[in-house]
Every structure is written in structure tokens, then in C-alpha cells.
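Just below is one structure, and these are the notes that go with it.
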Amino acid sequence: MSQYESCTQSIVAAFMDEFGLSDPLVIRAAGGMHGGMVSSLTCGIVSGAMMVLGLLIGRENLEEGLDGIFPIVVPG
């Protein structure tokens with residue numbers, strides 16, 4: 001993963017490699033979160049992990065609602 005200078009891209013790429021997935025657009029989108037989303041101090045590891053959760057259990061369309069992912073990503 002050393003080719004990425006972004007923690008978010010590294011996390012997402014590692015997940016995709018592990019599960020045999022390949023989509024350059026996902027890696028490209030993760031690059032927009034580089035630098036703690038440009039210094040608002042949200043670590044790219046957290047952003048990348050949230051993207052991975054979205055890839056795993058995110059909804060396919062708006063009609064599916066948020067029931068699947070909400071309990072996992074919202075504290076409490």
C-alpha cells in the first residue's frame with residue numbers, strides 16, 4: 001500500500017485487495033479525504049473504515065433506507 005500517500009486510500013485499497021475487488025473509482029474517491037479531509041482533523045483511517053463499511057453493508061438505493069448501516073455507524 002506504499003503507493004498511496006493517503007491513509008483513506010490505503011485502508012480502502014487493502015480491503016479491496018483482501019476481498020479481490022477492483023474499482024479505481026473507489027480508490028479515486030477515497031483520495032478526496034486525504035489530509036484529515038484537508039485538516040478538519042478527521043483521520044483517514046476512520047474515513048477509510050467508514051467507506052469499507054459502506055462497501056460491505058451500505059444500501060444499493062434510497063428505498064432500502066438506513067436500517068442496515070445506521071446501528072453500526074451511529075453511537076449509542
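As shown in the C-alpha cells, the chain order sets the letters A, B, ...; within each chain, residues go from 1, and ligands are also counted from 1 in the order they appear.
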List every residue of chain A that DSSP, applied to the backbone of this structure, assigns to alpha helix (DSSP H), and report them as a ChimeraX atom specification.
/A:7-18,24-30,34-39,44-57,70-73
Next, the residues of the selection above should be written as a short mmCIF file (atom, residue, chain, number, x, y, z; two decimals), in the first residue's frame with N, CA and C atoms.
```
data_model
loop_
_atom_site.label_atom_id
_atom_site.label_comp_id
_atom_site.auth_asym_id
_atom_site.auth_seq_id
_atom_site.Cartn_x
_atom_site.Cartn_y
_atom_site.Cartn_z
N CYS A 7 -4.06 7.89 3.94
CA CYS A 7 -4.50 6.81 4.83
C CYS A 7 -5.82 6.22 4.35
N THR A 8 -6.73 7.08 3.91
CA THR A 8 -8.03 6.61 3.44
C THR A 8 -7.86 5.67 2.26
N GLN A 9 -7.08 6.08 1.27
CA GLN A 9 -6.86 5.23 0.11
C GLN A 9 -6.18 3.92 0.51
N SER A 10 -5.25 3.98 1.42
CA SER A 10 -4.55 2.77 1.86
C SER A 10 -5.50 1.78 2.51
N ILE A 11 -6.37 2.26 3.39
CA ILE A 11 -7.34 1.39 4.07
C ILE A 11 -8.29 0.77 3.06
N VAL A 12 -8.85 1.59 2.18
CA VAL A 12 -9.81 1.10 1.18
C VAL A 12 -9.13 0.12 0.22
N ALA A 13 -7.92 0.44 -0.23
CA ALA A 13 -7.20 -0.44 -1.15
C ALA A 13 -6.87 -1.78 -0.48
N ALA A 14 -6.48 -1.76 0.78
CA ALA A 14 -6.18 -3.00 1.50
C ALA A 14 -7.43 -3.88 1.58
N PHE A 15 -8.57 -3.29 1.90
CA PHE A 15 -9.83 -4.03 1.95
C PHE A 15 -10.15 -4.63 0.59
N MET A 16 -10.03 -3.81 -0.45
CA MET A 16 -10.37 -4.28 -1.79
C MET A 16 -9.42 -5.40 -2.22
N ASP A 17 -8.14 -5.28 -1.91
CA ASP A 17 -7.19 -6.35 -2.22
C ASP A 17 -7.55 -7.64 -1.49
N GLU A 18 -7.87 -7.51 -0.21
CA GLU A 18 -8.19 -8.68 0.62
C GLU A 18 -9.40 -9.45 0.09
N PRO A 24 -11.13 1.31 -9.64
CA PRO A 24 -10.29 2.50 -9.50
C PRO A 24 -11.06 3.74 -9.07
N LEU A 25 -12.36 3.80 -9.35
CA LEU A 25 -13.15 4.97 -8.94
C LEU A 25 -13.30 5.04 -7.42
N VAL A 26 -13.38 3.89 -6.76
CA VAL A 26 -13.48 3.88 -5.30
C VAL A 26 -12.17 4.41 -4.70
N ILE A 27 -11.04 3.96 -5.23
CA ILE A 27 -9.74 4.45 -4.76
C ILE A 27 -9.62 5.94 -5.03
N ARG A 28 -10.07 6.37 -6.19
CA ARG A 28 -10.01 7.80 -6.53
C ARG A 28 -10.88 8.62 -5.57
N ALA A 29 -12.09 8.14 -5.28
CA ALA A 29 -12.98 8.85 -4.35
C ALA A 29 -12.36 8.94 -2.96
N ALA A 30 -11.70 7.88 -2.53
CA ALA A 30 -11.05 7.89 -1.22
C ALA A 30 -9.95 8.95 -1.15
N HIS A 34 -7.97 12.87 1.73
CA HIS A 34 -6.56 12.96 2.11
C HIS A 34 -6.32 14.12 3.08
N GLY A 35 -5.41 13.93 3.98
CA GLY A 35 -5.01 15.00 4.89
C GLY A 35 -6.05 15.33 5.94
N GLY A 36 -6.69 14.29 6.49
CA GLY A 36 -7.72 14.53 7.51
C GLY A 36 -8.83 15.39 6.95
N MET A 37 -9.24 15.04 5.75
CA MET A 37 -10.19 15.83 4.97
C MET A 37 -9.74 17.27 4.95
N VAL A 38 -8.49 17.40 4.59
CA VAL A 38 -7.77 18.66 4.47
C VAL A 38 -7.85 19.45 5.78
N SER A 39 -7.38 18.78 6.82
CA SER A 39 -7.10 19.36 8.13
C SER A 39 -8.29 19.72 8.99
N GLY A 44 -7.84 9.76 8.25
CA GLY A 44 -8.15 8.97 7.07
C GLY A 44 -8.41 7.51 7.37
N ILE A 45 -7.87 7.02 8.48
CA ILE A 45 -8.15 5.64 8.87
C ILE A 45 -9.63 5.50 9.20
N VAL A 46 -10.19 6.48 9.89
CA VAL A 46 -11.62 6.46 10.21
C VAL A 46 -12.45 6.61 8.94
N SER A 47 -12.08 7.57 8.10
CA SER A 47 -12.82 7.77 6.84
C SER A 47 -12.77 6.53 5.97
N GLY A 48 -11.59 5.91 5.88
CA GLY A 48 -11.45 4.70 5.08
C GLY A 48 -12.28 3.56 5.64
N ALA A 49 -12.28 3.42 6.96
CA ALA A 49 -13.08 2.37 7.58
C ALA A 49 -14.57 2.58 7.32
N MET A 50 -15.02 3.82 7.35
CA MET A 50 -16.43 4.11 7.06
C MET A 50 -16.76 3.78 5.61
N MET A 51 -15.82 4.06 4.69
CA MET A 51 -16.04 3.69 3.29
C MET A 51 -16.13 2.18 3.14
N VAL A 52 -15.27 1.45 3.86
CA VAL A 52 -15.31 -0.01 3.81
C VAL A 52 -16.64 -0.53 4.34
N LEU A 53 -17.12 0.03 5.45
CA LEU A 53 -18.44 -0.38 5.96
C LEU A 53 -19.53 -0.12 4.93
N GLY A 54 -19.43 1.01 4.26
CA GLY A 54 -20.40 1.31 3.21
C GLY A 54 -20.34 0.29 2.08
N LEU A 55 -19.14 -0.12 1.70
CA LEU A 55 -18.99 -1.13 0.66
C LEU A 55 -19.56 -2.47 1.11
N LEU A 56 -19.39 -2.80 2.39
CA LEU A 56 -19.86 -4.08 2.91
C LEU A 56 -21.36 -4.12 3.13
N ILE A 57 -21.89 -3.10 3.79
CA ILE A 57 -23.30 -3.17 4.20
C ILE A 57 -24.12 -1.94 3.80
N PHE A 70 -27.10 2.13 9.88
CA PHE A 70 -27.22 3.10 10.96
C PHE A 70 -26.81 2.56 12.33
N PRO A 71 -27.27 1.37 12.73
CA PRO A 71 -26.88 0.87 14.06
C PRO A 71 -25.37 0.67 14.21
N ILE A 72 -24.67 0.50 13.11
CA ILE A 72 -23.23 0.24 13.17
C ILE A 72 -22.43 1.54 13.21
N VAL A 73 -22.87 2.56 12.50
CA VAL A 73 -22.07 3.78 12.39
C VAL A 73 -22.49 4.91 13.32
#
```
Tell me, in Å to one decimal, how far CA of Gly65 in chain A is from CA of Phe19 in chain A.
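Separation of CA of Gly65 in chain A and CA of Phe19 in chain A: 25.5 Å.
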Mind pulling up the distance from CA of Gly58 in chain A to CA of Leu21 in chain A?
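Interatomic distance here is 15.7 Å.
Across the model, the gap from CA of Glu60 in chain A to CA of Ser40 in chain A is 29.0 Å.
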Which one is closest to Met33 in chain A: A:Asp67, A:Pro75, A:Asn61, A:Glu5? Count only C-alpha atoms.
A:Glu5
